[in-house]
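K.L.:
The structure's right below; bear with me while I get my questions together.
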Amino acid sequence: MKVWLNGGLVDNEDAKLSVYDHGTLYGDGVFEGIRVYGGRIFQCQAHIDRLFASAKAIRLAIPYTKQEIVDAMCETVAANAIEDGYIRLVVTRGVGTLGLSPFKCPDPSVYVIADQIVLYPKEMYDNGMAVIVAKTLRTSASMLDPGIKSLNYLNNILAKIEAIDAGVAEAIMLNEHGHVAECTGDNIFIVDSGRVVTPPLSAGVLPGITRGVVIDLARQNEIPVSEEDIPAERLYQADECFLTGSAAEVIAVTKIDDQLVGDGKAGPVTQKLSAAFRQYIASGEWD
Ligand code: PMP
């Protein structure tokens with residue numbers, strides 16, 4: 001495998017960062033997880049724009065233009081002959097001192113990994129997945145804005161540990177108001193009397209690229225969709241629930257804590273949107 005690191009491709013084994021990189025010392029950096037379908041980068045511009053917005057929010061100047069980053073991704077995908085796969089695009093603060101100051105790190109590190117990914121087993125895509133509601137709350141925007149896709153994922157990891165301890169693959173995270181925010185690595189939707197509802201960005205969520213695609217697909221399919229604060233209790237009354245993410249794509253949730261969602265099977269709206277998503281990918285008519 002080849003990894004693109006700071007300007008060019010290197011062998012996997014030679015793709016190394018310094019132990020003084022603030023990405024590893026402090027989780028100081030930003031990243032994107034991106035799908036490749038049919039050898040093309042899915043929603044490329046949206047991911048690049050979000051990466052640059054995340055970097056700006058933490059005052060990290062990416063030392064390449066947007067086009068240079070796109071070129072680096074294309075080069076990495078081609079070098080590894082990835083047809084259907086996943087890109088991890090990372091910008092760390094770079095090498096600095098042992099102190100916190102990011103301004104002592106003059107050269108951010110940029111790297112691109114292109115590889116295969118299977119997030120959840122096929123059985124879960126066929127039959128839906130069980131999740132829990134985590135006790136760990138999502139950080140509020142005033143602490144560390146979940147809209148910034150930073151390398152600092154411990155908040156999510158603590159909730160993920162709760163999920164694994166409970167024997168499930170994902171956890172729903174609430175915000176400090178007791179409203180649903182998102183999952184540890186996915187956005188969340190519920191379906192209520194035929195209406196699709198997802199938390200607004202103001203609930204403290206990553207503006208998911210897949211979330212945006214699914215909202216558009218719902219509108220195109222004349223399925224009513226709205227962004228609303230969802231009190232945790234409303235989760236248990238939902239007819240359907242599903243998650244979206246670049247890695248997860250669209251996946252039904254059929255159990256929340258110890259309660260079945262609807263009849264415990266992937267519901268009709270979820271199935272319709274999941275099929276529409278697959279069709280959209282297969283059509284190749286996207287950027
Ligand atoms: N929320 C979180 C916390 C995430 O890490 C991700 C991406 N893995 C998502 C939502 C989904 O975002 P996207 O559709 O852009 O992958």
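Labels used: A, B, ... for chains in the order of the structure tokens, numbers from 1 for residues in each chain, and numbers from 1 for ligands as shown.
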Write out as a list in words each polymer residue whose atoms come within 12 Å of A:Gly284, counting only C-alpha atoms; drop sequence neighbours fewer than 5 positions from it.
P.N.:
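Within the cut-off, the hits are Val36, Tyr37, Gly38, Gly39, Arg40, Ile41, Phe42, Gln43, Phe277, Arg278 and Gln279 of chain A.
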K.L.:
If you keep all heavy atoms, can you produce a file of those selected residues as an mmCIF file, in the first residue's frame?
P.N.:
```
data_model
loop_
_atom_site.group_PDB
_atom_site.id
_atom_site.type_symbol
_atom_site.label_atom_id
_atom_site.label_comp_id
_atom_site.auth_asym_id
_atom_site.auth_seq_id
_atom_site.Cartn_x
_atom_site.Cartn_y
_atom_site.Cartn_z
ATOM 1 N N VAL A 36 -14.921 6.035 -1.726
ATOM 2 C CA VAL A 36 -14.584 5.950 -3.152
ATOM 3 C C VAL A 36 -15.532 4.920 -3.759
ATOM 4 O O VAL A 36 -15.645 3.804 -3.237
ATOM 5 C CB VAL A 36 -13.126 5.482 -3.347
ATOM 6 C CG1 VAL A 36 -12.800 5.313 -4.829
ATOM 7 C CG2 VAL A 36 -12.166 6.465 -2.697
ATOM 8 N N TYR A 37 -16.264 5.335 -4.773
ATOM 9 C CA TYR A 37 -17.143 4.400 -5.478
ATOM 10 C C TYR A 37 -16.754 4.411 -6.954
ATOM 11 O O TYR A 37 -16.651 5.492 -7.554
ATOM 12 C CB TYR A 37 -18.609 4.826 -5.355
ATOM 13 C CG TYR A 37 -19.180 4.805 -3.942
ATOM 14 C CD1 TYR A 37 -19.556 5.988 -3.305
ATOM 15 C CD2 TYR A 37 -19.359 3.601 -3.259
ATOM 16 C CE1 TYR A 37 -20.103 5.973 -2.028
ATOM 17 C CE2 TYR A 37 -19.894 3.582 -1.976
ATOM 18 C CZ TYR A 37 -20.266 4.763 -1.370
ATOM 19 O OH TYR A 37 -20.804 4.745 -0.099
ATOM 20 N N GLY A 38 -16.551 3.241 -7.521
ATOM 21 C CA GLY A 38 -16.189 3.142 -8.939
ATOM 22 C C GLY A 38 -14.933 3.951 -9.258
ATOM 23 O O GLY A 38 -14.830 4.539 -10.333
ATOM 24 N N GLY A 39 -14.003 3.988 -8.299
ATOM 25 C CA GLY A 39 -12.740 4.697 -8.513
ATOM 26 C C GLY A 39 -12.845 6.209 -8.403
ATOM 27 O O GLY A 39 -11.859 6.916 -8.580
ATOM 28 N N ARG A 40 -14.062 6.713 -8.071
ATOM 29 C CA ARG A 40 -14.252 8.171 -7.944
ATOM 30 C C ARG A 40 -14.536 8.551 -6.488
ATOM 31 O O ARG A 40 -15.139 7.781 -5.745
ATOM 32 C CB ARG A 40 -15.426 8.623 -8.818
ATOM 33 C CG ARG A 40 -15.123 8.588 -10.311
ATOM 34 C CD ARG A 40 -16.393 8.833 -11.110
ATOM 35 N NE ARG A 40 -17.061 10.071 -10.725
ATOM 36 C CZ ARG A 40 -18.384 10.239 -10.669
ATOM 37 N NH1 ARG A 40 -19.200 9.255 -10.979
ATOM 38 N NH2 ARG A 40 -18.904 11.393 -10.318
ATOM 39 N N ILE A 41 -14.124 9.766 -6.134
ATOM 40 C CA ILE A 41 -14.280 10.236 -4.753
ATOM 41 C C ILE A 41 -15.684 10.808 -4.569
ATOM 42 O O ILE A 41 -16.065 11.760 -5.257
ATOM 43 C CB ILE A 41 -13.206 11.291 -4.433
ATOM 44 C CG1 ILE A 41 -11.815 10.670 -4.572
ATOM 45 C CG2 ILE A 41 -13.412 11.857 -3.027
ATOM 46 C CD1 ILE A 41 -10.686 11.681 -4.528
ATOM 47 N N PHE A 42 -16.447 10.229 -3.639
ATOM 48 C CA PHE A 42 -17.837 10.619 -3.415
ATOM 49 C C PHE A 42 -17.907 11.945 -2.637
ATOM 50 O O PHE A 42 -17.290 12.081 -1.591
ATOM 51 C CB PHE A 42 -18.552 9.514 -2.629
ATOM 52 C CG PHE A 42 -20.024 9.740 -2.437
ATOM 53 C CD1 PHE A 42 -20.870 9.893 -3.524
ATOM 54 C CD2 PHE A 42 -20.567 9.796 -1.166
ATOM 55 C CE1 PHE A 42 -22.238 10.104 -3.349
ATOM 56 C CE2 PHE A 42 -21.930 9.992 -0.975
ATOM 57 C CZ PHE A 42 -22.766 10.151 -2.070
ATOM 58 N N GLN A 43 -18.654 12.895 -3.193
ATOM 59 C CA GLN A 43 -18.875 14.192 -2.535
ATOM 60 C C GLN A 43 -17.544 14.871 -2.196
ATOM 61 O O GLN A 43 -17.358 15.389 -1.078
ATOM 62 C CB GLN A 43 -19.715 13.998 -1.258
ATOM 63 C CG GLN A 43 -21.103 13.445 -1.534
ATOM 64 C CD GLN A 43 -22.047 14.494 -2.095
ATOM 65 O OE1 GLN A 43 -22.202 15.544 -1.503
ATOM 66 N NE2 GLN A 43 -22.642 14.220 -3.233
ATOM 67 N N PHE A 277 -30.446 5.600 -1.814
ATOM 68 C CA PHE A 277 -29.027 5.916 -1.624
ATOM 69 C C PHE A 277 -28.157 5.010 -2.504
ATOM 70 O O PHE A 277 -27.272 5.473 -3.225
ATOM 71 C CB PHE A 277 -28.653 5.769 -0.143
ATOM 72 C CG PHE A 277 -27.228 6.145 0.163
ATOM 73 C CD1 PHE A 277 -26.846 7.483 0.248
ATOM 74 C CD2 PHE A 277 -26.257 5.176 0.359
ATOM 75 C CE1 PHE A 277 -25.527 7.832 0.518
ATOM 76 C CE2 PHE A 277 -24.939 5.515 0.630
ATOM 77 C CZ PHE A 277 -24.574 6.854 0.716
ATOM 78 N N ARG A 278 -28.462 3.700 -2.475
ATOM 79 C CA ARG A 278 -27.703 2.733 -3.284
ATOM 80 C C ARG A 278 -27.811 3.066 -4.775
ATOM 81 O O ARG A 278 -26.844 3.010 -5.521
ATOM 82 C CB ARG A 278 -28.210 1.300 -3.050
ATOM 83 C CG ARG A 278 -27.911 0.745 -1.687
ATOM 84 C CD ARG A 278 -26.811 -0.323 -1.711
ATOM 85 N NE ARG A 278 -25.514 0.196 -2.163
ATOM 86 C CZ ARG A 278 -24.596 0.756 -1.374
ATOM 87 N NH1 ARG A 278 -24.815 0.881 -0.081
ATOM 88 N NH2 ARG A 278 -23.452 1.193 -1.862
ATOM 89 N N GLN A 279 -29.035 3.422 -5.158
ATOM 90 C CA GLN A 279 -29.283 3.748 -6.558
ATOM 91 C C GLN A 279 -28.501 4.996 -6.988
ATOM 92 O O GLN A 279 -27.940 5.051 -8.075
ATOM 93 C CB GLN A 279 -30.766 4.050 -6.729
ATOM 94 C CG GLN A 279 -31.436 3.299 -7.849
ATOM 95 C CD GLN A 279 -32.941 3.447 -7.736
ATOM 96 O OE1 GLN A 279 -33.426 4.551 -7.473
ATOM 97 N NE2 GLN A 279 -33.657 2.359 -7.899
#
```
K.L.:
Could you name the residues that touch stretch 246-255 of chain A at 7 Å or less, counting only C-alpha atoms, but leaving out those on the same chain fewer than 6 positions away, as a PyMOL selection string?
P.N.:
chain A and resi 33-35+119+125+128-131+210+261+264-266+270+274
K.L.:
Filtering to C-alpha atoms, could you give me those residues as a PDB file, in the first residue's frame?
P.N.:
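Listing of again16.pdb after writing:
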```
ATOM      1  CA  GLY A  33     -13.409   9.954   6.104  1.00  0.00           C
ATOM      2  CA  ILE A  34     -14.460   9.713   2.465  1.00  0.00           C
ATOM      3  CA  ARG A  35     -15.916   7.001   0.225  1.00  0.00           C
ATOM      4  CA  LEU A 119     -17.791  -0.828   9.197  1.00  0.00           C
ATOM      5  CA  TYR A 125     -27.386  -4.036   6.869  1.00  0.00           C
ATOM      6  CA  GLY A 128     -30.818  -3.645  11.280  1.00  0.00           C
ATOM      7  CA  MET A 129     -28.673  -3.005  14.303  1.00  0.00           C
ATOM      8  CA  ALA A 130     -29.145  -2.573  18.032  1.00  0.00           C
ATOM      9  CA  VAL A 131     -27.802   0.562  19.716  1.00  0.00           C
ATOM     10  CA  THR A 210     -24.242  11.507   4.040  1.00  0.00           C
ATOM     11  CA  VAL A 261     -37.984   0.159  17.171  1.00  0.00           C
ATOM     12  CA  GLY A 264     -38.034  -4.634  15.213  1.00  0.00           C
ATOM     13  CA  LYS A 265     -37.419  -4.760  11.456  1.00  0.00           C
ATOM     14  CA  ALA A 266     -36.047  -2.160   9.045  1.00  0.00           C
ATOM     15  CA  THR A 270     -35.716   3.381   5.886  1.00  0.00           C
ATOM     16  CA  SER A 274     -31.525   3.041   1.736  1.00  0.00           C
TER      17      SER A 274
END
```
K.L.:
What do you get as a list in words if you pick all residues at most 7 Å from ligand 1, counting only C-alpha atoms and all ligand atoms?
P.N.:
Gly33, Ile34, Asn156, Glu182, Cys183, Thr184, Gly185, Asp186, Asn187, Val205, Leu206, Pro207, Gly208, Ile209, Thr210, Arg211, Thr244, Gly245, Ser246 and Ala247 of chain A
K.L.:
Would you put the residues from that selection into a file with N, CA and C atoms, as a compact mmCIF listing (two decimals), in the first residue's frame?
P.N.:
```
# COMPACT_ATOMS: atom_id res chain seq x y z
N GLY A 33 -13.25 11.35 6.55
CA GLY A 33 -13.41 9.95 6.10
C GLY A 33 -14.30 10.00 4.87
N ILE A 34 -13.82 9.47 3.77
CA ILE A 34 -14.46 9.71 2.46
C ILE A 34 -14.60 8.39 1.71
N ASN A 156 -16.33 10.70 21.70
CA ASN A 156 -17.02 9.65 20.94
C ASN A 156 -16.54 8.26 21.38
N GLU A 182 -26.18 12.86 17.99
CA GLU A 182 -25.75 11.96 16.91
C GLU A 182 -25.19 10.71 17.54
N CYS A 183 -24.67 9.81 16.71
CA CYS A 183 -24.00 8.62 17.25
C CYS A 183 -22.49 8.88 17.27
N THR A 184 -21.73 7.89 17.70
CA THR A 184 -20.29 8.15 17.89
C THR A 184 -19.58 8.41 16.56
N GLY A 185 -20.12 7.82 15.48
CA GLY A 185 -19.49 8.05 14.17
C GLY A 185 -20.51 8.18 13.06
N ASP A 186 -21.75 8.43 13.41
CA ASP A 186 -22.83 8.49 12.41
C ASP A 186 -23.84 9.56 12.83
N ASN A 187 -24.55 10.10 11.85
CA ASN A 187 -25.73 10.94 12.16
C ASN A 187 -26.94 10.04 12.32
N VAL A 205 -24.02 18.58 16.32
CA VAL A 205 -23.72 17.40 15.50
C VAL A 205 -22.76 17.78 14.40
N LEU A 206 -22.08 16.77 13.90
CA LEU A 206 -21.26 16.99 12.70
C LEU A 206 -22.21 17.19 11.52
N PRO A 207 -21.96 18.20 10.69
CA PRO A 207 -22.79 18.33 9.47
C PRO A 207 -22.41 17.23 8.48
N GLY A 208 -22.99 16.07 8.70
CA GLY A 208 -22.60 14.88 7.94
C GLY A 208 -22.89 15.05 6.45
N ILE A 209 -21.95 14.60 5.65
CA ILE A 209 -22.13 14.68 4.19
C ILE A 209 -23.23 13.69 3.78
N THR A 210 -23.22 12.51 4.36
CA THR A 210 -24.24 11.51 4.04
C THR A 210 -25.61 11.99 4.52
N ARG A 211 -25.63 12.64 5.68
CA ARG A 211 -26.86 13.24 6.20
C ARG A 211 -27.47 14.17 5.16
N THR A 244 -26.66 7.40 9.37
CA THR A 244 -25.96 7.69 8.12
C THR A 244 -24.51 8.07 8.41
N GLY A 245 -23.64 7.73 7.49
CA GLY A 245 -22.24 8.13 7.61
C GLY A 245 -21.49 7.66 6.38
N SER A 246 -20.35 8.27 6.13
CA SER A 246 -19.56 7.87 4.96
C SER A 246 -19.19 6.40 5.05
N ALA A 247 -18.77 5.98 6.23
CA ALA A 247 -18.39 4.58 6.39
C ALA A 247 -19.64 3.70 6.53
```
K.L.:
When you count only C-alpha atoms, which of these residues is closest to A:Ile230: A:His179, A:Lys160, A:Lys2, A:Arg138?
P.N.:
A:His179
K.L.:
Report the closest atom pair, with its distance in Å rounded to one decimal, for each residue of stretch 150-265 of chain A that has an atom no farther than 8 Å from stretch 19-32 of chain A; count only C-alpha atoms, sort by chain and then rising residue number, and write it as CSV.
P.N.:
```
residue,atom,partner,partner_atom,distance
A:Ser150,CA,A:Val30,CA,4.1
A:Leu151,CA,A:Gly27,CA,4.9
A:Asn152,CA,A:Gly27,CA,4.7
A:Tyr153,CA,A:Gly27,CA,7.9
```
K.L.:
Which residues, written as a PyMOL selection string, have at least one atom at most 10 Å from stretch 69-83 of chain A, with only C-alpha atoms counted and residues fewer than 2 positions away on the same chain left out?
P.N.:
chain A and resi 1-10+34+36-41+44-45+47-48+62-67+85-89+110-116
K.L.:
Skip A:Lys272 itself and residues of its chain fewer than 5 positions away, then list as a list of chain:residue names all residues within 10 Å of it, counting only C-alpha atoms.
P.N.:
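Once the adjacent positions are removed, what remains is A:Leu217, A:Ala218, A:Asn221, A:Ile223, A:Gly267, A:Phe277, A:Arg278.
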K.L.:
Grab the residues selected above and save them as a short mmCIF file (atom, residue, chain, number, x, y, z; two decimals), in the first residue's frame with all heavy atoms.
P.N.:
```cif
data_model
loop_
_atom_site.label_atom_id
_atom_site.label_comp_id
_atom_site.auth_asym_id
_atom_site.auth_seq_id
_atom_site.Cartn_x
_atom_site.Cartn_y
_atom_site.Cartn_z
N LEU A 217 -32.26 13.22 -0.88
CA LEU A 217 -32.95 12.07 -1.48
C LEU A 217 -34.38 11.96 -0.96
O LEU A 217 -35.30 11.62 -1.71
CB LEU A 217 -32.18 10.77 -1.21
CG LEU A 217 -30.88 10.60 -1.99
CD1 LEU A 217 -30.11 9.38 -1.50
CD2 LEU A 217 -31.15 10.47 -3.49
N ALA A 218 -34.57 12.24 0.33
CA ALA A 218 -35.93 12.18 0.92
C ALA A 218 -36.81 13.20 0.20
O ALA A 218 -37.93 12.87 -0.22
CB ALA A 218 -35.87 12.47 2.41
N ASN A 221 -37.79 12.16 -3.17
CA ASN A 221 -38.76 11.07 -3.14
C ASN A 221 -40.08 11.47 -2.47
O ASN A 221 -40.89 10.61 -2.12
CB ASN A 221 -38.17 9.85 -2.43
CG ASN A 221 -37.20 9.10 -3.33
OD1 ASN A 221 -37.59 8.25 -4.11
ND2 ASN A 221 -35.92 9.47 -3.27
N ILE A 223 -40.67 12.44 0.45
CA ILE A 223 -40.83 12.02 1.84
C ILE A 223 -40.60 13.26 2.69
O ILE A 223 -39.54 13.88 2.58
CB ILE A 223 -39.80 10.92 2.21
CG1 ILE A 223 -39.98 9.69 1.31
CG2 ILE A 223 -39.90 10.56 3.68
CD1 ILE A 223 -38.84 8.68 1.43
N GLY A 267 -37.82 -0.53 8.70
CA GLY A 267 -39.14 -0.08 8.24
C GLY A 267 -39.16 0.36 6.78
O GLY A 267 -38.10 0.48 6.15
N PHE A 277 -30.45 5.60 -1.81
CA PHE A 277 -29.03 5.92 -1.62
C PHE A 277 -28.16 5.01 -2.50
O PHE A 277 -27.27 5.47 -3.23
CB PHE A 277 -28.65 5.77 -0.14
CG PHE A 277 -27.23 6.14 0.16
CD1 PHE A 277 -26.85 7.48 0.25
CD2 PHE A 277 -26.26 5.18 0.36
CE1 PHE A 277 -25.53 7.83 0.52
CE2 PHE A 277 -24.94 5.51 0.63
CZ PHE A 277 -24.57 6.85 0.72
N ARG A 278 -28.46 3.70 -2.47
CA ARG A 278 -27.70 2.73 -3.28
C ARG A 278 -27.81 3.07 -4.78
O ARG A 278 -26.84 3.01 -5.52
CB ARG A 278 -28.21 1.30 -3.05
CG ARG A 278 -27.91 0.75 -1.69
CD ARG A 278 -26.81 -0.32 -1.71
NE ARG A 278 -25.51 0.20 -2.16
CZ ARG A 278 -24.60 0.76 -1.37
NH1 ARG A 278 -24.81 0.88 -0.08
NH2 ARG A 278 -23.45 1.19 -1.86
#
```
K.L.:
DSSP on the backbone: which residues in stretch 145-194 of chain A end up as strand (DSSP E or B)? Give the answer as a PyMOL selection string.
P.N.:
chain A and resi 150+170-174+179-183+187-192
